[in-house]
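**Student:** Mind having a look at this structure? Questions to follow.
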Amino acid sequence: MDKRMGLAEAAGLVADGDTVVGGGCLYSRPPYAMLFELLRAGRRDLVLARNLMCYEAELFLVRGAAAKLMTSWVGIGLPWGIPRVFREFAERDPSIYEEWSHLSFGLRFLAGSMGMPFLPTASLLGSDVLKRTPAQEMRCPFTGELLVAVPACQPDVALIHAHRVDPEGNAQVEGPVYMDLEFARAAKTVIVTAEEVVSPEAIARSADRTVIPGFLVDAVVEVPFGSYPGECYGLYEADFAHFDKYVELVNSGGAGGVEEYLRRHLDEAGDFAGLLDLVGASALLEQRRRARELVAA
Amino acid sequence: MDKRMGLAEAAGLVADGDTVVGGGCLYSRPPYAMLFELLRAGRRDLVLARNLMCYEAELFLVRGAAAKLMTSWVGIGLPWGIPRVFREFAERDPSIYEEWSHLSFGLRFLAGSMGMPFLPTASLLGSDVLKRTPAQEMRCPFTGELLVAVPACQPDVALIHAHRVDPEGNAQVEGPVYMDLEFARAAKTVIVTAEEVVSPEAIARSADRTVIPGFLVDAVVEVPFGSYPGECYGLYEADFAHFDKYVELVNSGGAGGVEEYLRRHLDEAGDFAGLLDLVGASALLEQRRRARELVAA
Amino acid sequence: MSAPRPEELMTIAGSRLLRDGQVVFAGVGAPLEASVLAKRLHAPSLTVVLEGGSIGPRMIPGKLPISTNEMRAQVGSTMLVGIIDLFLYAQRGCYDVGFIGAAQIDKFGNVNTSYIGDPDSPKVRLPGSGGANDIVSSCREIIVMTRHEPRRFVEQVDFVTSPGWLSGPAERERAGLHRSRPVAVITDLALLGFEPESGRLRLDALQPGATVESVVEATGFELLVPDAVGELAPPAQQELDELRRLQDGDPQAPARLQEVASAP
Amino acid sequence: MSAPRPEELMTIAGSRLLRDGQVVFAGVGAPLEASVLAKRLHAPSLTVVLEGGSIGPRMIPGKLPISTNEMRAQVGSTMLVGIIDLFLYAQRGCYDVGFIGAAQIDKFGNVNTSYIGDPDSPKVRLPGSGGANDIVSSCREIIVMTRHEPRRFVEQVDFVTSPGWLSGPAERERAGLHRSRPVAVITDLALLGFEPESGRLRLDALQPGATVESVVEATGFELLVPDAVGELAPPAQQELDELRRLQDGDPQAPARLQEVASAP
């Protein structure tokens with residue numbers, strides 16, 4: 001079955017209030033084209049989940065697109081400091097940030113992807129993080145060992161950006177897979193964006209590199225540079241200068257700075273291709289050059 | 001650290017009575033060179049575990065090398081029928097075969113590889129298999145759902161045959177990984193045989209294909225055709241004619257037929273290279289041709 | 001072209017139960033052949049899944065695999081995955097149909113592939129569950145395929161390797177088996193379904209040449225026989241041709257491969 | 001060559017705690033730099049493991065990663081693995097050392113990277129645990145590295161994101177934390193250990209230029225000070241040179257990369 005469609009149509013698979021998990025990790029292979037499209041479509045009150053959450057936290061909070069964040073860490077990276085607008089939201093109402101440790105967050109999705117309602121772990125033991133999550137202590141039925149049970153998460157939608165995908169949704173990535181497998185298998189609906197759509201035969205030629213099987217996937221969208229301003233392994237590095245400019249806007253204007261960013265890069269750009277035009281071909285090619293340089297090293 | 005050694009030295013890492021799990025699946029990428037070496041070394045009373053167990057079940061039982069089999073299925077394949085000598089042993093003393101379902105067997109090692117004493121599953125529910133294993137029913141601490149808890153297995157030794165490995169033990173396979181990851185990560189000692197030993201740089205060039213990290217590995221042995229008479233993905237097909245001859249011996253001679261096979265192929269062959277000589281270069285090259293034909297298809 | 005053999009009737013009838021777009025987890029032997037046949041005929045978007053880690057393989061005619069773990073079972077796959085993951089997709093509810101064989105089956109569709117006789121002192125030690133127990137525990141609809149003989153169709157299996165309806169729907173629910181549902185048993189004589197209230201096997205339709213009497217006679221327990229019993233359409237020429245081509249391959253293929261590929 | 005800066009003292013002292021042949025799970029920033037430095041100097045067989053899935057990466061001088069998930073953190077790795085698997089290796093007991101930073105740490109080595117003030121009405125909402133909680137729960141020996149300031153070294157953390165000795169070894173045992181053991185805190189002023197009986201932080205050795213008084217003054221709780229306090233050897237020229245080369249790269253590298261790579 002051919003599942004190809006455009007970003008706008010794919011955004012129609014996400015409903016207000018849904019729990020939406022985004023693949024990749026921080027600014028590495030994030031599904032930014034699709035996340036931006038959800039903002040453009042005016043989705044509201046989502047529970048936005050990523051294992052480490054980058055600047056999309058602020059974009060979604062300011063627009064009211066996310067009512068809650070579920071993650072283990074929020075920020076762009078140490079050089080950019082603690083995100084100011086995120087702080088404003090989370091200090092006003094701490095409940096908007098459901099904090100897990102990185103592994104326990106992942107195990108929620110692993111449990112969901114296994115079709116199990118929970119999984120045991122040694123993480124969170126003795127911590128205050130445990131007290132503010134629905135995870136709870138349990139004992140091993142065989143050994144009596146004290147463990148933590150984390151409840152499964154089967155999100156409404158998973159957004160994954162891959163290197164290549166066939167029209168049925170069989171998707172392959174290069175480099176680390178992060179938690180993409182667990183997110184995709186746990187979710188009820190899966191949207192795969194990819195740098196390129198290829199034939200099923202091209203996928204079959206390296207079937208041991210396929211990480212998401214087509215039967216999980218509901219929508220396939222070809223979006224070159226779909227992780228921009230993040231990186232995509234081997235293809236383009238993250239645009240740190242873009243993050244610099246964003247943080248400048250936020251540091252000077254707070255939530256207004258976020259709005260200013262969104263107005264320019266989402267609203268006025270019109271669509272994701274418009275954003276790439278705004279960035280400019282030479283800047284994108286420079287990110288590509290840097291990635292090739294790293295992978296060749 | 002350079003962990004290269006010969007088969008005989010590697011066999012010294014296995015003690016009588018150990019629980020030893022072999023990678024691959026049935027006659028696909030089995031660690032036969034190493035398993036034969038354990039027979040040659042006269043190991044006794046092992047608990048031999050594989051997810052699906054091929055003719056090594058009979059070789060180990062007849063020699064007294066295995067006191068018990070842990071698996072989900074025993075046989076070569078439908079055309080060869082139920083193994084006669086296996087039946088004799090298991091009908092005389094059913095306790096020598098600890099039967100699990102394929103998944104519950106795997107989850108024991110997955111639990112062990114996660115450092116957890118158990119994992120939950122929906123397999124075995126309501127079955128008589130459950131009653132004859134240490135698995136037990138449990139309820140999900142969140143939902144109350146009735147599930148089965150399988151106890152972890154952390155075997156003494158895992159034997160894995162890989163396509164390539166570097167001297168530190170970073171190992172890569174082509175095609176399906178079967179349960180190799182879980183076996184290796186669960187085991188206390190890991191012996192990797194491989195079609196070829198390559199440089200760490202060669203491994204790093206496709207780091208996303210590495211399935212076993214060096215820090216798990218205790219011994220690295222280069223053994224071309226190390227899965228013979230089984231197959232190794234893309235490199236050689238299983239030698240079905242060899243299995244035919246083995247089954248003929250067993251059908252006519254019972255345990256004596258197994259002994260006859262071992263005398264010829266292990267004792268008289270001297271070592272694994274001797275076994276390959278016995279098979280002959282042209283037969284091996286024919287298996288290689290068939291594999292290439294399949295992978296090219 | 002010769003008349004259909006019993007195995008061929010069974011395999012072709014099994015293939016017709018699979019619908020386009022489904023995902024089927026097929027056991028080795030006849031279930032695998034039926035699944036591959038369905039994909040080649042009426043269900044091109046069927047995804048076949050095999051125990052060794054293959055998702056979406058396309059077999060080479062005349063080189064059907066003997067096990068579900070070998071290269072022949074992996075040819076043309078869109079995904080090759082670890083075995084635990086392959087089964088966890090089932091547990092997650094991703095597979096529409098689980099399709100297995102059986103050494104012994106009882107009137108509730110419980111399957112035994114472990115012991116004939118007393119498990120503590122068995123008459124025959126069978127090979128074991130393999131993935132069958134996992135398949136029937138987790139795939140949404142369960143289809144069993146086996147030759148129709150009294151020694152296979154018994155009042156009560158000696159050992160429940162892979163649960164059917166146990167002693168009925170209530171016990172099945174008590175056992176926590178809510179993910180899957182046994183729906184059909186295909187044999188060379190008939191298509192059997194389950195009576196919803198009791199979970200007992202019921203004669204739904206006859207294979208060409210079979211009669212109610214011949215089916216009842218080949219069944220070692222009291223089979224439910226409704227007033228109206230259907231008849232399965234005989235194999236179409238295209239079905240037979242394609243199945244034989246799958247098994248035998250083209251005439252140039254090495255004899256050995258063909259022999260093995262068509263083994264029971 | 002200029003005198004060592006405080007961060008450099010800390011990073012170099014941290015690097016010396018790592019032994020050849022160990023596997024170290026390093027957090028972003030100074031722990032990562034210390035680990036890479038150790039591998040380049042005295043521990044060539046050290047395996048560095050990073051949160052994003054890298055096992056055994058070799059960094060490019062001047063292109064140290066900002067996050068542990070990006071290409072710069074993956075260069076030259078012998079294995080790239082899924083994040084859950086990467087952490088499960090820790091839970092399995094495969095990692096000798098867990099090496100993290102801290103926003104706030106108390107006298108039992110408990111680390112807070114979640115909330116300053118009351119969690120229900122925080123003064124500062126910090127970014128959160130990331131992998132720190134998992135690292136301290138499962139890696140065999142835990143080392144924490146942080147600047148030595150009274151606002152960081154507090155009597156009791158506002159929130160235990162990543163447990164140290166909790167309120168002492170007995171409570172840690174009750175909590176089920178038997179897989180790991182906090183062993184050291186490295187700062188720009190000192191190397192601190194834990195008193196075995198109480199689990200309280202103890203001054204073990206001074207950084208060059210620091211005194212017992214300056215350390216006590218920079219600590220917001222009563223630090224245990226034994227009779228004999230050691231002194232850490234000053235950075236060797238080779239250590240300083242290599243660290244600076246790692247951070248700054250060779251002069252031809254783009255300025256932007258160097259700037260980012262040397263960020264705190």
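Residues in the structure tokens are numbered from 1 in each chain, the chains being A, B, ... in the order shown, and ligands are numbered from 1 in the order shown.
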What residues in stretch 44-130 of chain A get the DSSP label strand (DSSP E)? Please answer as a ChimeraX atom specification.

**Tutor:** /A:46-49,66-71,97-99,118-121

**Student:** Write the residues you've just listed into a file as a short mmCIF file (atom, residue, chain, number, x, y, z; two decimals), in the first residue's frame, and include all heavy atoms for each of them.

**Tutor:**
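Result went into selection.cif, see below:
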data_model
loop_
_atom_site.label_atom_id
_atom_site.label_comp_id
_atom_site.auth_asym_id
_atom_site.auth_seq_id
_atom_site.Cartn_x
_atom_site.Cartn_y
_atom_site.Cartn_z
N LEU A 46 -1.31 19.19 23.07
CA LEU A 46 -0.64 17.90 22.95
C LEU A 46 0.17 17.62 24.20
O LEU A 46 0.60 18.54 24.90
CB LEU A 46 0.30 17.89 21.73
CG LEU A 46 -0.32 18.23 20.37
CD1 LEU A 46 0.76 18.29 19.30
CD2 LEU A 46 -1.38 17.20 20.00
N VAL A 47 0.38 16.33 24.48
CA VAL A 47 1.47 15.93 25.39
C VAL A 47 2.65 15.63 24.47
O VAL A 47 2.60 14.68 23.69
CB VAL A 47 1.10 14.68 26.21
CG1 VAL A 47 2.28 14.25 27.07
CG2 VAL A 47 -0.13 14.96 27.07
N LEU A 48 3.66 16.46 24.55
CA LEU A 48 4.80 16.32 23.64
C LEU A 48 5.91 15.55 24.36
O LEU A 48 6.34 15.95 25.45
CB LEU A 48 5.31 17.69 23.20
CG LEU A 48 6.43 17.67 22.16
CD1 LEU A 48 5.96 17.05 20.84
CD2 LEU A 48 6.96 19.08 21.91
N ALA A 49 6.33 14.45 23.77
CA ALA A 49 7.32 13.58 24.42
C ALA A 49 8.54 13.41 23.53
O ALA A 49 8.42 13.16 22.33
CB ALA A 49 6.70 12.21 24.72
N ALA A 66 1.44 22.45 22.98
CA ALA A 66 1.68 21.42 23.99
C ALA A 66 1.16 21.90 25.33
O ALA A 66 1.44 23.03 25.76
CB ALA A 66 3.17 21.10 24.10
N ALA A 67 0.39 21.04 25.99
CA ALA A 67 -0.06 21.34 27.35
C ALA A 67 0.91 20.77 28.36
O ALA A 67 0.95 21.17 29.51
CB ALA A 67 -1.45 20.75 27.57
N LYS A 68 1.73 19.82 27.88
CA LYS A 68 2.60 19.12 28.81
C LYS A 68 3.79 18.55 28.05
O LYS A 68 3.66 18.12 26.89
CB LYS A 68 1.80 17.98 29.45
CG LYS A 68 2.49 17.29 30.60
CD LYS A 68 1.49 16.32 31.25
CE LYS A 68 2.15 15.45 32.28
NZ LYS A 68 1.16 14.57 32.93
N LEU A 69 4.93 18.53 28.72
CA LEU A 69 6.13 17.91 28.16
C LEU A 69 6.44 16.64 28.94
O LEU A 69 6.36 16.63 30.17
CB LEU A 69 7.34 18.85 28.29
CG LEU A 69 7.15 20.29 27.82
CD1 LEU A 69 8.41 21.11 28.13
CD2 LEU A 69 6.83 20.35 26.33
N MET A 70 6.78 15.57 28.23
CA MET A 70 7.22 14.35 28.90
C MET A 70 8.61 14.04 28.37
O MET A 70 8.78 13.79 27.17
CB MET A 70 6.27 13.21 28.59
CG MET A 70 6.56 11.96 29.40
SD MET A 70 5.18 10.80 29.34
CE MET A 70 5.46 10.05 27.76
N THR A 71 9.62 14.11 29.24
CA THR A 71 11.00 13.95 28.78
C THR A 71 11.91 13.73 29.99
O THR A 71 11.43 13.60 31.13
CB THR A 71 11.46 15.18 27.96
OG1 THR A 71 12.77 14.96 27.44
CG2 THR A 71 11.45 16.43 28.81
N TYR A 97 5.74 19.70 33.19
CA TYR A 97 6.93 18.92 32.82
C TYR A 97 6.91 17.62 33.61
O TYR A 97 7.17 17.62 34.81
CB TYR A 97 8.18 19.74 33.10
CG TYR A 97 9.53 19.04 32.89
CD1 TYR A 97 9.64 17.81 32.25
CD2 TYR A 97 10.70 19.64 33.33
CE1 TYR A 97 10.87 17.19 32.08
CE2 TYR A 97 11.95 19.04 33.15
CZ TYR A 97 12.02 17.81 32.53
OH TYR A 97 13.25 17.20 32.37
N GLU A 98 6.59 16.51 32.95
CA GLU A 98 6.67 15.20 33.60
C GLU A 98 8.07 14.66 33.37
O GLU A 98 8.41 14.25 32.27
CB GLU A 98 5.61 14.26 33.01
CG GLU A 98 5.56 12.91 33.73
CD GLU A 98 4.44 12.01 33.19
OE1 GLU A 98 3.30 12.47 33.11
OE2 GLU A 98 4.76 10.84 32.84
N GLU A 99 8.87 14.67 34.44
CA GLU A 99 10.29 14.31 34.31
C GLU A 99 10.53 12.84 34.62
O GLU A 99 10.13 12.34 35.67
CB GLU A 99 11.14 15.18 35.25
CG GLU A 99 12.62 14.83 35.18
CD GLU A 99 13.48 15.64 36.16
OE1 GLU A 99 13.02 16.71 36.60
OE2 GLU A 99 14.60 15.19 36.48
N PHE A 118 3.97 -3.00 31.72
CA PHE A 118 5.03 -2.43 32.56
C PHE A 118 6.35 -3.13 32.26
O PHE A 118 6.38 -4.20 31.64
CB PHE A 118 4.70 -2.61 34.05
CG PHE A 118 5.07 -3.98 34.56
CD1 PHE A 118 6.22 -4.18 35.30
CD2 PHE A 118 4.26 -5.08 34.28
CE1 PHE A 118 6.56 -5.45 35.75
CE2 PHE A 118 4.60 -6.35 34.73
CZ PHE A 118 5.75 -6.53 35.47
N LEU A 119 7.43 -2.53 32.72
CA LEU A 119 8.74 -3.19 32.74
C LEU A 119 9.46 -2.84 34.03
O LEU A 119 9.27 -1.74 34.58
CB LEU A 119 9.61 -2.74 31.55
CG LEU A 119 9.40 -3.48 30.23
CD1 LEU A 119 10.30 -2.88 29.16
CD2 LEU A 119 9.68 -4.98 30.37
N PRO A 120 10.31 -3.76 34.50
CA PRO A 120 11.08 -3.47 35.72
C PRO A 120 12.41 -2.81 35.38
O PRO A 120 12.96 -3.00 34.30
CB PRO A 120 11.33 -4.87 36.29
CG PRO A 120 11.41 -5.76 35.07
CD PRO A 120 10.49 -5.14 34.04
N THR A 121 12.93 -2.02 36.32
CA THR A 121 14.23 -1.38 36.14
C THR A 121 14.89 -1.12 37.49
O THR A 121 14.22 -1.15 38.53
CB THR A 121 14.10 -0.05 35.37
OG1 THR A 121 15.39 0.54 35.19
CG2 THR A 121 13.24 0.94 36.14
#

**Student:** Contacts from chain D to chain B, 6 Å maximum, only C-alpha atoms: show me the residue list as a count of residues only.

**Tutor:** 8
